[in-house]
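Engineer: Coordinates in start.txt, compact mmCIF, C-alpha atoms and all ligand atoms, are listed below.
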```
# COMPACT_ATOMS: atom_id res chain seq x y z
CA MET A 1 147.64 48.99 315.96
CA ALA A 2 144.83 46.54 315.23
CA TYR A 3 147.14 44.33 313.20
CA ARG A 4 145.34 41.49 311.38
CA GLU A 5 142.50 41.64 313.87
CA HIS A 6 139.43 39.74 312.67
CA ILE A 7 137.10 42.01 310.70
CA LYS A 8 133.66 41.65 312.18
CA LYS A 9 130.67 40.59 310.10
CA GLY A 10 129.09 43.10 307.78
CA PHE A 11 132.21 44.50 306.09
CA SER A 12 130.49 44.39 302.71
CA LYS A 13 127.64 46.54 304.09
CA LEU A 14 129.95 49.40 305.07
CA LEU A 15 130.33 52.49 302.91
CA LYS A 16 133.43 52.51 300.72
CA GLU A 17 135.01 55.27 302.80
CA GLU A 18 134.37 53.27 306.00
CA LYS A 19 135.92 50.13 304.47
CA LEU A 20 138.96 52.10 303.41
CA LYS A 21 139.45 53.57 306.89
CA LEU A 22 138.98 50.22 308.55
CA ILE A 23 141.56 48.58 306.27
CA ALA A 24 143.97 51.49 306.69
CA ASN A 25 144.10 50.64 310.40
CA TYR A 26 145.97 47.49 309.49
CA PHE A 27 148.92 49.62 308.37
CA GLU A 28 151.62 51.49 310.30
CA ASN A 29 150.35 54.86 309.14
CA PRO A 30 146.59 54.76 308.50
CA GLY A 31 146.23 58.43 307.56
CA GLU A 32 148.82 58.15 304.83
CA VAL A 33 147.42 54.88 303.57
CA VAL A 34 143.95 56.39 303.20
CA LYS A 35 145.51 59.27 301.25
CA LEU A 36 147.53 56.94 299.05
CA LEU A 37 144.68 54.58 298.23
CA LYS A 38 142.34 57.49 297.58
CA SER A 39 144.88 59.02 295.21
CA TYR A 40 144.17 56.06 292.91
CA TRP A 41 140.45 56.78 292.79
CA HIS A 42 139.20 58.10 289.48
CA SER A 43 138.81 61.89 289.51
CA ASP A 44 135.37 61.51 287.91
CA SER A 45 133.13 59.99 290.58
CA LYS A 46 130.75 58.52 287.97
CA GLN A 47 133.66 56.60 286.42
CA GLN A 48 134.80 55.46 289.84
CA GLU A 49 131.30 54.17 290.64
CA LEU A 50 131.54 51.99 287.55
CA PHE A 51 134.76 50.41 288.81
CA ASP A 52 133.35 50.04 292.32
CA GLU A 53 130.49 48.03 290.90
CA PHE A 54 132.66 45.59 288.95
CA SER A 55 133.53 43.81 292.16
CA GLU A 56 132.63 43.51 295.83
CA ASN A 57 134.44 45.53 298.53
CA THR A 58 136.39 47.76 296.16
CA ILE A 59 138.42 50.32 298.08
CA THR A 60 140.66 51.62 295.31
CA ASN A 61 142.02 50.78 291.83
CA PHE A 62 145.19 48.87 291.03
CA PHE A 63 147.06 50.32 288.07
CA ILE A 64 148.81 48.16 285.47
CA PRO A 65 150.53 49.71 282.43
CA TYR A 66 148.51 49.89 279.24
CA GLY A 67 151.00 49.70 276.36
CA ILE A 68 150.93 49.47 272.60
CA SER A 69 152.59 47.11 270.19
CA PRO A 70 152.45 49.03 266.92
CA ASN A 71 152.34 47.59 263.41
CA VAL A 72 151.48 43.94 263.83
CA THR A 73 150.72 42.44 260.42
CA ILE A 74 148.18 39.63 260.55
CA ASN A 75 146.85 38.14 257.32
CA GLY A 76 148.13 41.23 255.50
CA LYS A 77 146.26 43.64 257.77
CA ASN A 78 147.97 46.12 260.09
CA TYR A 79 146.95 46.14 263.76
CA ILE A 80 147.89 48.51 266.56
CA VAL A 81 147.67 46.17 269.52
CA PRO A 82 146.88 47.28 273.09
CA MET A 83 148.61 45.23 275.79
CA VAL A 84 147.99 45.46 279.53
CA ILE A 85 150.92 43.96 281.40
CA GLU A 86 153.22 44.78 284.30
CA GLU A 87 156.28 42.80 283.13
CA SER A 88 158.77 45.31 281.73
CA SER A 89 159.99 43.46 278.65
CA VAL A 90 156.77 41.97 277.23
CA VAL A 91 155.57 44.84 275.01
CA ALA A 92 159.12 45.47 273.78
CA ALA A 93 159.58 41.76 272.98
CA ALA A 94 156.25 41.52 271.16
CA SER A 95 156.99 44.64 269.16
CA ALA A 96 160.47 43.41 268.18
CA ALA A 97 158.97 40.13 266.91
CA ALA A 98 156.21 42.02 265.07
CA LYS A 99 158.86 44.11 263.31
CA PHE A 100 160.98 41.05 262.46
CA TRP A 101 158.04 39.11 261.02
CA GLY A 102 156.50 42.19 259.44
CA GLU A 103 159.56 42.20 257.19
CA ARG A 104 159.03 38.51 256.39
CA GLY A 105 155.40 38.38 255.31
CA GLY A 106 153.77 39.04 258.69
CA PHE A 107 151.75 36.64 260.82
CA HIS A 108 149.20 34.26 259.33
CA ALA A 109 146.19 33.20 261.35
CA GLU A 110 143.02 31.19 261.10
CA VAL A 111 140.25 30.27 263.49
CA ILE A 112 139.76 26.52 263.49
CA ASP A 113 136.39 26.45 265.26
CA VAL A 114 134.39 28.41 267.82
CA ARG A 115 132.42 25.72 269.67
CA LYS A 116 132.13 26.08 273.46
CA VAL A 117 130.99 23.49 275.95
CA GLY A 118 128.58 23.37 278.87
CA GLN A 119 127.76 20.51 281.23
CA VAL A 120 124.78 19.27 283.19
CA HIS A 121 126.13 16.93 285.87
CA PHE A 122 123.37 14.74 287.27
CA GLY A 123 122.63 11.58 289.16
CA TRP A 124 119.97 9.01 288.29
CA SER A 125 119.68 5.56 289.80
CA GLY A 126 117.73 3.84 287.02
CA ASP A 127 118.79 1.53 284.24
CA LYS A 128 121.27 3.18 281.85
CA ALA A 129 119.61 1.59 278.80
CA LYS A 130 116.35 3.27 279.82
CA LEU A 131 118.10 6.61 280.14
CA GLN A 132 119.61 6.20 276.69
CA GLU A 133 116.18 5.33 275.32
CA LEU A 134 114.69 8.46 276.91
CA PHE A 135 117.52 10.75 275.80
CA PRO A 136 116.06 11.83 272.40
CA GLN A 137 112.91 12.98 274.24
CA ILE A 138 114.99 14.66 276.95
CA LYS A 139 116.96 16.50 274.31
CA GLU A 140 113.83 17.70 272.59
CA ARG A 141 112.42 18.92 275.90
CA LEU A 142 115.58 20.77 276.90
CA LEU A 143 115.78 22.49 273.51
CA ALA A 144 112.09 23.43 273.61
CA ASP A 145 112.37 24.86 277.13
CA THR A 146 115.33 27.05 276.17
CA ALA A 147 114.02 28.12 272.76
CA GLY A 148 112.97 31.56 274.06
CA MET A 149 116.33 32.04 275.66
CA THR A 150 118.35 31.07 272.59
CA GLU A 151 116.19 32.79 269.96
CA LYS A 152 118.34 35.92 269.67
CA MET A 153 121.59 33.97 269.58
CA VAL A 154 120.16 31.73 266.85
CA LYS A 155 119.25 34.84 264.83
CA ARG A 156 122.87 35.98 265.15
CA GLY A 157 124.03 32.63 263.76
CA GLY A 158 124.74 30.84 267.03
CA GLY A 159 122.86 28.82 269.64
CA ILE A 160 122.96 25.22 270.82
CA LEU A 161 124.80 23.01 268.35
CA ASN A 162 124.68 19.58 269.83
CA MET A 163 123.96 17.62 273.00
CA GLU A 164 125.20 14.21 274.13
CA LEU A 165 124.64 11.94 277.08
CA LEU A 166 127.77 10.63 278.78
CA ASP A 167 127.84 7.74 281.19
CA PHE A 168 130.36 7.94 284.05
CA THR A 169 128.67 5.36 286.29
CA ASP A 170 131.77 3.13 286.18
CA GLN A 171 133.65 5.89 288.05
CA ILE A 172 130.99 7.56 290.21
CA GLU A 173 127.81 5.73 291.16
CA ASP A 174 124.76 6.88 289.14
CA TYR A 175 126.66 9.81 287.65
CA TYR A 176 125.80 10.99 284.12
CA GLN A 177 126.51 14.12 282.19
CA ILE A 178 124.83 15.99 279.39
CA ARG A 179 127.55 17.72 277.40
CA VAL A 180 126.31 20.58 275.25
CA GLN A 181 128.08 22.49 272.52
CA PHE A 182 127.29 26.15 271.93
CA ASN A 183 128.14 28.84 269.44
CA THR A 184 127.97 32.17 271.24
CA CYS A 185 128.98 34.33 268.22
CA ASP A 186 130.84 37.46 269.31
CA SER A 187 130.13 37.11 273.01
CA MET A 188 132.31 35.07 275.35
CA GLY A 189 128.97 33.56 276.24
CA ALA A 190 129.44 32.54 279.85
CA ASN A 191 126.12 34.02 280.96
CA PHE A 192 124.26 32.69 277.96
CA ILE A 193 125.65 29.18 278.42
CA ASN A 194 125.17 29.10 282.19
CA SER A 195 121.58 30.36 281.98
CA ALA A 196 120.73 27.73 279.36
CA LEU A 197 122.36 25.01 281.45
CA GLU A 198 120.48 26.00 284.59
CA GLN A 199 117.23 25.81 282.63
CA PHE A 200 118.32 22.38 281.35
CA GLY A 201 118.70 21.29 284.96
CA HIS A 202 115.14 22.39 285.86
CA SER A 203 113.73 20.88 282.67
CA LEU A 204 115.48 17.58 283.29
CA GLN A 205 113.90 17.40 286.76
CA ASP A 206 110.47 18.28 285.32
CA PHE A 207 110.87 15.69 282.57
CA PHE A 208 111.54 12.88 285.03
CA ALA A 209 108.81 14.03 287.41
CA GLU A 210 106.35 13.65 284.52
CA GLN A 211 107.37 10.05 283.62
CA LYS A 212 104.34 8.37 285.20
CA ASP A 213 105.32 4.94 283.89
CA LEU A 214 108.54 5.02 285.92
CA PRO A 215 108.52 3.88 289.56
CA GLU A 216 108.27 6.80 292.03
CA GLU A 217 111.98 6.71 293.05
CA LEU A 218 113.10 6.96 289.40
CA ARG A 219 111.04 10.08 288.78
CA LYS A 220 113.70 12.01 290.65
CA VAL A 221 116.94 13.17 289.16
CA GLU A 222 119.68 14.79 291.19
CA ILE A 223 121.07 17.89 289.50
CA ILE A 224 124.58 17.99 290.95
CA MET A 225 125.60 21.14 289.10
CA THR A 226 125.32 22.90 285.76
CA ILE A 227 128.19 25.01 284.45
CA LEU A 228 130.11 25.85 281.29
CA SER A 229 133.44 24.14 280.81
CA ASN A 230 136.52 26.28 280.43
CA ASN A 231 138.03 23.44 278.48
CA THR A 232 137.40 24.74 274.96
CA PRO A 233 139.55 22.61 272.61
CA ASP A 234 137.07 23.25 269.80
CA CYS A 235 137.21 27.00 270.18
CA ARG A 236 140.68 27.20 268.78
CA VAL A 237 142.94 29.44 266.73
CA LYS A 238 146.12 28.79 264.78
CA VAL A 239 148.77 31.39 264.02
CA TRP A 240 152.09 30.95 262.25
CA VAL A 241 155.05 32.70 260.67
CA GLU A 242 157.33 31.30 258.01
CA CYS A 243 160.32 32.24 255.89
CA PRO A 244 163.21 30.60 254.07
CA VAL A 245 165.90 29.70 256.65
CA LYS A 246 168.37 32.01 254.93
CA LYS A 247 166.17 34.92 256.00
CA MET A 248 167.13 34.10 259.59
CA GLU A 249 170.69 35.12 258.83
CA GLY A 250 172.05 37.66 261.30
CA ILE A 251 170.02 36.63 264.35
CA ASP A 252 173.10 34.92 265.74
CA GLU A 253 176.37 36.43 264.62
CA HIS A 254 178.13 33.05 264.83
CA LEU A 255 175.54 30.97 262.96
CA SER A 256 174.15 30.89 259.43
CA GLY A 257 170.40 31.30 259.01
CA ALA A 258 169.98 27.54 258.52
CA GLU A 259 172.10 26.71 261.58
CA TYR A 260 170.23 29.20 263.72
CA ALA A 261 166.83 27.89 262.54
CA LYS A 262 167.91 24.40 263.69
CA LYS A 263 168.99 25.72 267.07
CA PHE A 264 165.67 27.55 267.49
CA LYS A 265 163.80 24.37 266.59
CA LYS A 266 165.80 22.41 269.16
CA ALA A 267 164.82 24.93 271.86
CA VAL A 268 161.14 24.52 270.97
CA ASP A 269 161.47 20.71 270.72
CA ILE A 270 162.82 20.66 274.28
CA ALA A 271 159.55 22.23 275.40
CA HIS A 272 157.76 19.27 273.77
CA ILE A 273 159.58 16.64 275.79
CA ASP A 274 160.18 18.37 279.14
CA PRO A 275 157.23 19.77 281.14
CA TYR A 276 159.59 21.94 283.22
CA ARG A 277 160.69 23.78 280.10
CA ALA A 278 157.19 23.60 278.56
CA THR A 279 155.68 25.45 281.51
CA THR A 280 158.09 28.38 281.14
CA HIS A 281 157.85 28.31 277.36
CA ASN A 282 154.04 28.46 277.50
CA LYS A 283 154.20 31.13 280.20
CA GLY A 284 156.09 33.24 277.67
CA ILE A 285 153.25 32.65 275.17
CA TYR A 286 150.66 33.78 277.72
CA ASN A 287 152.70 36.93 278.42
CA GLY A 288 151.46 38.11 275.03
CA ILE A 289 148.02 36.50 275.00
CA ASP A 290 147.00 37.63 278.50
CA ALA A 291 148.08 41.20 277.82
CA VAL A 292 145.61 41.45 274.92
CA VAL A 293 142.93 39.46 276.74
CA ILE A 294 143.10 41.85 279.72
CA ALA A 295 143.27 44.98 277.52
CA THR A 296 140.04 43.92 275.83
CA GLY A 297 138.18 43.11 279.06
CA ASN A 298 138.23 39.35 278.57
CA ASP A 299 138.74 36.58 281.12
CA PHE A 300 142.43 35.65 281.17
CA ARG A 301 141.94 32.91 283.78
CA ALA A 302 139.55 31.11 281.44
CA VAL A 303 141.92 31.53 278.49
CA GLU A 304 144.92 30.26 280.46
CA ALA A 305 143.06 27.32 282.00
CA ALA A 306 141.93 26.15 278.56
CA GLY A 307 145.43 26.56 277.16
CA HIS A 308 147.14 24.54 279.86
CA THR A 309 144.60 21.73 279.51
CA TYR A 310 145.15 21.75 275.75
CA ALA A 311 148.91 21.63 276.31
CA SER A 312 148.36 18.34 278.17
CA ARG A 313 146.16 16.72 275.53
CA ASN A 314 148.77 14.09 274.61
CA GLY A 315 149.08 12.87 278.19
CA ARG A 316 152.05 15.10 279.03
CA TYR A 317 152.25 18.88 279.44
CA GLU A 318 153.87 20.16 276.23
CA SER A 319 154.75 23.28 274.30
CA LEU A 320 151.79 24.96 272.60
CA SER A 321 154.03 26.10 269.74
CA SER A 322 156.08 24.05 267.33
CA VAL A 323 158.68 24.45 264.59
CA THR A 324 159.09 22.65 261.27
CA LEU A 325 162.01 23.01 258.88
CA ASP A 326 160.78 21.37 255.70
CA ASN A 327 162.43 22.34 252.39
CA ASP A 328 164.53 24.97 254.15
CA ILE A 329 161.42 26.82 255.24
CA PHE A 330 161.32 27.80 258.90
CA ARG A 331 157.72 27.63 260.12
CA PHE A 332 156.82 28.53 263.69
CA GLU A 333 153.26 27.80 264.68
CA LEU A 334 151.00 28.17 267.69
CA GLU A 335 147.65 26.52 268.17
CA VAL A 336 145.60 27.50 271.23
CA PRO A 337 142.04 27.30 272.46
CA MET A 338 140.64 30.70 273.34
CA ALA A 339 137.13 31.72 274.39
CA LEU A 340 136.89 35.46 273.82
CA GLY A 341 134.14 38.00 273.38
CA THR A 342 133.95 41.40 271.73
CA VAL A 343 130.41 42.17 272.87
CA GLY A 344 128.83 41.95 276.30
CA GLY A 345 130.44 41.59 279.71
CA LEU A 346 133.33 43.85 280.61
CA THR A 347 134.18 44.36 276.91
CA SER A 348 131.49 47.00 276.67
CA LEU A 349 131.50 48.18 280.31
CA HIS A 350 135.15 48.90 280.93
CA PRO A 351 135.91 52.21 279.19
CA LEU A 352 139.44 51.13 278.30
CA ALA A 353 138.38 47.71 277.06
CA LYS A 354 135.99 49.50 274.72
CA LYS A 355 138.80 51.74 273.51
CA SER A 356 141.08 48.71 272.99
CA LEU A 357 138.49 47.12 270.75
CA GLU A 358 138.06 50.38 268.87
CA LEU A 359 141.84 50.59 268.37
CA LEU A 360 141.76 47.06 266.98
CA GLY A 361 139.06 48.14 264.52
CA ASN A 362 136.14 46.64 266.49
CA PRO A 363 137.03 43.05 265.63
CA THR A 364 134.74 40.04 265.75
CA ALA A 365 135.51 37.52 268.49
CA SER A 366 137.25 35.34 265.89
CA GLU A 367 139.43 38.20 264.73
CA LEU A 368 140.34 39.00 268.33
CA MET A 369 141.32 35.34 268.85
CA MET A 370 143.76 35.75 265.97
CA VAL A 371 145.22 38.97 267.37
CA ALA A 372 145.69 37.59 270.89
CA ALA A 373 147.24 34.35 269.62
CA THR A 374 149.56 36.37 267.37
CA MET A 375 150.88 38.30 270.33
CA GLY A 376 151.42 34.95 272.08
CA LEU A 377 153.50 33.69 269.18
CA ALA A 378 155.31 37.04 268.93
CA ASN A 379 156.34 36.92 272.59
CA ASN A 380 157.26 33.27 272.30
CA PHE A 381 159.46 34.03 269.30
CA SER A 382 161.27 36.87 271.05
CA ALA A 383 161.76 34.87 274.25
CA VAL A 384 163.22 31.84 272.46
CA ARG A 385 165.31 34.07 270.21
CA SER A 386 166.82 35.81 273.24
CA LEU A 387 167.31 32.57 275.14
CA THR A 388 169.13 30.96 272.22
CA THR A 389 171.35 33.97 271.55
CA LYS A 390 172.35 36.50 274.18
CA GLY A 391 170.08 35.27 277.00
CA ILE A 392 167.05 37.13 278.32
CA GLN A 393 168.67 39.02 281.15
CA ALA A 394 170.37 41.60 278.95
CA GLY A 395 167.09 42.88 277.47
CA HIS A 396 165.04 42.13 280.54
CA MET A 397 167.31 43.97 282.93
CA LYS A 398 167.59 46.93 280.55
CA MET A 399 163.82 47.28 280.74
CA HIS A 400 163.94 46.61 284.46
CA LEU A 401 166.50 49.41 284.96
CA ASN A 402 163.68 51.94 285.33
CA ASN A 403 162.08 49.85 288.08
CA ILE A 404 165.39 49.59 289.92
CA LEU A 405 165.99 53.33 289.59
CA ASN A 406 162.52 54.05 290.95
CA GLN A 407 163.02 51.59 293.80
CA LEU A 408 166.27 53.38 294.70
CA GLN A 409 164.47 56.74 294.45
CA ALA A 410 166.86 58.13 291.86
CA THR A 411 166.34 61.73 290.76
CA GLU A 412 165.51 62.52 287.11
CA GLU A 413 169.10 63.59 286.52
CA GLU A 414 170.46 60.38 288.10
CA LYS A 415 168.06 58.31 285.98
CA ARG A 416 169.25 59.99 282.81
CA LYS A 417 172.90 59.39 283.70
CA ALA A 418 172.26 55.79 284.74
CA ARG A 419 170.43 54.98 281.48
CA GLU A 420 173.37 56.35 279.54
CA TYR A 421 175.93 54.55 281.70
CA PHE A 422 174.20 51.15 281.53
CA LYS A 423 173.63 51.30 277.76
CA ASP A 424 176.53 48.89 277.15
CA LYS A 425 176.75 47.28 280.60
CA THR A 426 175.03 44.47 282.44
CA VAL A 427 172.26 45.77 284.69
CA SER A 428 171.92 44.40 288.21
CA PHE A 429 170.34 45.85 291.34
CA ASP A 430 173.72 45.99 293.11
CA GLY A 431 175.41 47.51 290.07
CA VAL A 432 172.81 50.28 289.81
CA GLU A 433 172.96 50.97 293.54
CA LYS A 434 176.76 51.25 293.40
CA TYR A 435 176.55 53.53 290.39
CA LEU A 436 174.05 55.86 292.11
CA ASN A 437 176.26 55.96 295.23
CA SER A 438 179.23 56.84 293.06
CA LEU A 439 177.23 59.74 291.59
CA LYS A 440 176.39 60.94 295.09
CA ASP A 441 180.06 60.68 296.16
CA LYS A 442 181.03 62.87 293.24
C1 LIG B 501 159.42 35.48 281.08
O1 LIG B 501 158.25 36.17 281.48
C2 LIG B 501 159.08 34.51 279.97
C3 LIG B 501 160.22 33.61 279.51
O2 LIG B 501 160.75 32.90 280.64
C4 LIG B 501 159.64 32.67 278.52
C5 LIG B 501 160.58 31.56 278.08
O3 LIG B 501 161.48 31.15 278.86
O4 LIG B 501 160.38 31.07 276.95
C6 LIG B 501 161.35 34.41 278.93
```
Would you mind writing the file out in structure tokens?
Ligand code: MEV

Structural biologist:
Amino acid sequence: MAYREHIKKGFSKLLKEEKLKLIANYFENPGEVVKLLKSYWHSDSKQQELFDEFSENTITNFFIPYGISPNVTINGKNYIVPMVIEESSVVAAASAAAKFWGERGGFHAEVIDVRKVGQVHFGWSGDKAKLQELFPQIKERLLADTAGMTEKMVKRGGGILNMELLDFTDQIEDYYQIRVQFNTCDSMGANFINSALEQFGHSLQDFFAEQKDLPEELRKVEIIMTILSNNTPDCRVKVWVECPVKKMEGIDEHLSGAEYAKKFKKAVDIAHIDPYRATTHNKGIYNGIDAVVIATGNDFRAVEAAGHTYASRNGRYESLSSVTLDNDIFRFELEVPMALGTVGGLTSLHPLAKKSLELLGNPTASELMMVAATMGLANNFSAVRSLTTKGIQAGHMKMHLNNILNQLQATEEEKRKAREYFKDKTVSFDGVEKYLNSLKDK
């Protein structure tokens, strides 16, 4: 078997079928692998072509469950929320929180701002005072040169909002930055921002080349790179739930509503002082956010990167959510940056992303920010509620039972019996294996 042998140049030029066969040779049983991977191809070849073209060297599709969290009330409006996630308990946890808060006024959400950032990183060896003096003219030039490009976005209410010159020469010799703020309306805007920034780079070079009163060596500017920033603290959404503490009665059978609310707050406060806990706490938030972001064809890496940077804004990595208990009102709030789109990119290309948006009522990007953040808070609430009461393993392992049964190749009848048997018992891999063996012995 040609195990891990170097693949010679030109792999990307091969036909899909050839790539698949070549890769299958890296497995014990190539024939079966080809069959298996092909079984995940879309039955409609036109649809499959679409997926093939999303990315380079596609040989098959990788399935992840597409689930629904029904009846999520946000600002008094009911949403049926699509969630794409492989972790067994996430949709169940989000739905449980949505039900709990649906009975207590629902989720409240507001978009704080939608400004996104792009950067032109450049080097210039002249006097910084001169650069500052030239900057108003530079700005004018950059805006004029991108006017054609931004016209449509301006008509839709967006465009370039603001541009500033930043001096980093005390840290890197001759290094400056032009930081630009954009409003990209309902599109995530990566292509729009990056195209404008690349034009800025060319225009900046042209501008300096034309400064005949500058010495020859200062008519050159080094464009190091131009790219959007995934740090989007000003593209931010806030979502919260609140209720009198007495309405938290019954969550913990040993504690009053007020006592439980205090315990819940303590658990969230811990995530404010300890980055080890904060990382897990925020991961639980992104369980919900990512699932919606993926279901709607948005970029979850960008959303997560921005969130983790925001979580570190006070100089230490902290919880993104917080609890207050003023006047016996429990308020649980999440504030996160989130650059999302509901038009353009994969949102309109991926057939299921399109359907997700339709199911959500074709929201604006701002509305989608509120929905995704809500599911983050919902998952966060359920996770902390489980952790501070019966622990997460009970619920988690119940959901995981199906995975264990599948792994152990249980028959339908065995699955049914096992689900019944483990209803009131702790689920573990060993426990399930023993139970299945006991069934076989019988
Ligand atoms: C598991 O995916 C997420 C949790 O660990 C989050 C948390 O600890 O808050 C349950």

Engineer: Check which residues of chain A sit at most 10 Å from ligand LIG 501 (chain B) using only C-alpha atoms and all ligand atoms, and return one row each with the closest pair of atoms and their distance in Å to one decimal, ordered by chain and rising number, as CSV.

Structural biologist:
```
residue,atom,partner,partner_atom,distance
A:Glu87,CA,B:LIG501,O1,7.1
A:Ser88,CA,B:LIG501,O1,9.2
A:Ser89,CA,B:LIG501,O1,8.0
A:Val90,CA,B:LIG501,O1,7.3
A:Ala93,CA,B:LIG501,C6,9.6
A:Ala267,CA,B:LIG501,O4,9.1
A:Val268,CA,B:LIG501,O4,8.9
A:Ala271,CA,B:LIG501,O4,9.0
A:Arg277,CA,B:LIG501,O3,7.5
A:Ala278,CA,B:LIG501,O4,8.3
A:Thr279,CA,B:LIG501,C5,8.6
A:Thr280,CA,B:LIG501,O3,4.9
A:His281,CA,B:LIG501,O4,3.8
A:Asn282,CA,B:LIG501,O4,6.9
A:Lys283,CA,B:LIG501,C4,5.9
A:Gly284,CA,B:LIG501,C4,3.7
A:Ile285,CA,B:LIG501,C4,7.2
A:Tyr286,CA,B:LIG501,C2,8.7
A:Asn287,CA,B:LIG501,O1,6.4
A:Gly288,CA,B:LIG501,O1,9.6
A:Ser319,CA,B:LIG501,O4,10.0
A:Asn379,CA,B:LIG501,C4,8.0
A:Asn380,CA,B:LIG501,O4,6.0
A:Phe381,CA,B:LIG501,O4,8.3
A:Ser382,CA,B:LIG501,C6,8.3
A:Ala383,CA,B:LIG501,C6,4.7
A:Val384,CA,B:LIG501,O4,5.4
A:Arg385,CA,B:LIG501,O4,8.9
A:Ser386,CA,B:LIG501,C6,8.0
A:Leu387,CA,B:LIG501,O3,7.1
A:Thr388,CA,B:LIG501,O4,9.9
A:Gly391,CA,B:LIG501,C6,9.0
A:Ile392,CA,B:LIG501,C6,6.3
A:Gln393,CA,B:LIG501,C6,8.9
A:His396,CA,B:LIG501,C6,8.7
```

Engineer: What does the structure give for the distance between CA of Phe135 (chain A) and CA of Ile160 (chain A), in Å to one decimal?

Structural biologist: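 Separation between CA of Phe135 (chain A) and CA of Ile160 (chain A): 16.2 Å.
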
Engineer: Could you tell me how far CA of Lys220 (chain A) lies from CA of Arg179 (chain A), in Å and to one decimal?

Structural biologist: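 It comes out at 20.0 Å.
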
Engineer: Could you check which of A:Glu333, A:Glu140, A:Glu110, A:Glu5 is closest to Ile74 (chain A), using all atoms listed in the file?

Structural biologist: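 So, comparing all the options, the nearest one is A:Glu110.
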
Engineer: Please indicate the distance in Å from CA of Leu36 (chain A) to CA of Thr60 (chain A), rounded to one decimal place.

Structural biologist: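 Interatomic distance, CA of Leu36 (chain A) to CA of Thr60 (chain A): 9.5 Å.
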
Engineer: Quick one: of A:Asn362, A:His6, A:Ile329, A:Leu439, who's nearest to Val343 (chain A), counting all atoms listed in the file?

Structural biologist: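 Going through A:Asn362, A:His6, A:Ile329, A:Leu439 one by one, the smallest distance to Val343 (chain A) is for A:Asn362.
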
Engineer: At a cut-off of 9 Å, can you tabulate as a Markdown table every residue of region 95-177 of chain A near region 228-237 of chain A together with its closest atom pair and the distance in Å to one decimal, using all atoms listed in the file and ordering rows by chain then number?

Structural biologist:
```
| residue | atom | partner | partner_atom | distance |
| --- | --- | --- | --- | --- |
| A:Ala109 | CA | A:Val237 | CA | 7.3 |
| A:Glu110 | CA | A:Val237 | CA | 5.9 |
| A:Val111 | CA | A:Val237 | CA | 4.3 |
| A:Ile112 | CA | A:Val237 | CA | 5.4 |
| A:Asp113 | CA | A:Cys235 | CA | 5.0 |
| A:Val114 | CA | A:Cys235 | CA | 3.9 |
| A:Arg115 | CA | A:Cys235 | CA | 5.0 |
| A:Lys116 | CA | A:Thr232 | CA | 5.6 |
| A:Val117 | CA | A:Ser229 | CA | 5.5 |
| A:Gly118 | CA | A:Leu228 | CA | 3.8 |
| A:Gln119 | CA | A:Leu228 | CA | 5.8 |
| A:Val120 | CA | A:Leu228 | CA | 8.7 |
```

Engineer: Find the axis-aligned box for region 25-42 of chain A, covering all its listed atoms and adding 6 Å on each side, and write its centre and edge lengths in Å to one decimal as AutoDock Vina command-line options.

Structural biologist:
```
--center_x 145.4 --center_y 53.4 --center_z 299.9 --size_x 24.4 --size_y 23.8 --size_z 32.9
```

Engineer: Which is closer to Phe51 (chain A) than all the others in A:Asn25, A:Ala295, A:Leu352, A:Val221, using only C-alpha atoms?

Structural biologist: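 When distances to Phe51 (chain A) are compared using only C-alpha atoms, the smallest one comes from A:Leu352.
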
Engineer: Scan for residues within 12 Å of the point (128.1, 6.9, 293.0) in the coordinates of the file, using only C-alpha atoms, and reply as a short mmCIF file (atom, residue, chain, number, x, y, z; two decimals) with C-alpha atoms, keeping the file's coordinate frame.

Structural biologist:
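Generated file (out-v7.cif):
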```cif
data_model
loop_
_atom_site.label_atom_id
_atom_site.label_comp_id
_atom_site.auth_asym_id
_atom_site.auth_seq_id
_atom_site.Cartn_x
_atom_site.Cartn_y
_atom_site.Cartn_z
CA PHE A 122 123.37 14.74 287.27
CA GLY A 123 122.63 11.58 289.16
CA TRP A 124 119.97 9.01 288.29
CA SER A 125 119.68 5.56 289.80
CA ASP A 167 127.84 7.74 281.19
CA PHE A 168 130.36 7.94 284.05
CA THR A 169 128.67 5.36 286.29
CA ASP A 170 131.77 3.13 286.18
CA GLN A 171 133.65 5.89 288.05
CA ILE A 172 130.99 7.56 290.21
CA GLU A 173 127.81 5.73 291.16
CA ASP A 174 124.76 6.88 289.14
CA TYR A 175 126.66 9.81 287.65
CA TYR A 176 125.80 10.99 284.12
CA GLU A 222 119.68 14.79 291.19
CA ILE A 224 124.58 17.99 290.95
#
```

Engineer: Do a neighbour search on His400 (chain A) at 10 Å with all atoms listed in the file, toss out local chain neighbours closer than 2 positions, and write the hits as a ChimeraX atom specification.

Structural biologist: /A:87-89,393-398,402-406,427-429

Engineer: Neighbouring residues of Val84 (chain A) were defined as those with any atom within 10 Å, considering only C-alpha atoms; residues of the same chain fewer than 4 positions away were excluded. Please report them as an MDAnalysis selection string.

Structural biologist: chainID A and resid 63:68 90:91 287:288 290:296

Engineer: Which residues come within 8 Å of region 273-276 of chain A, counting only C-alpha atoms, excluding same-chain residues fewer than 5 positions away, as a list in words?

Structural biologist: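 The filter keeps Arg316, Tyr317 and Glu318 of chain A.
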
Engineer: Could you give me, as a PyMOL selection string, the residues within 10 Å of Phe422 (chain A), counting only C-alpha atoms and dropping anything in the same chain fewer than 2 positions from it?

Structural biologist: chain A and resi 398+401+417-420+424-428+431-432+435
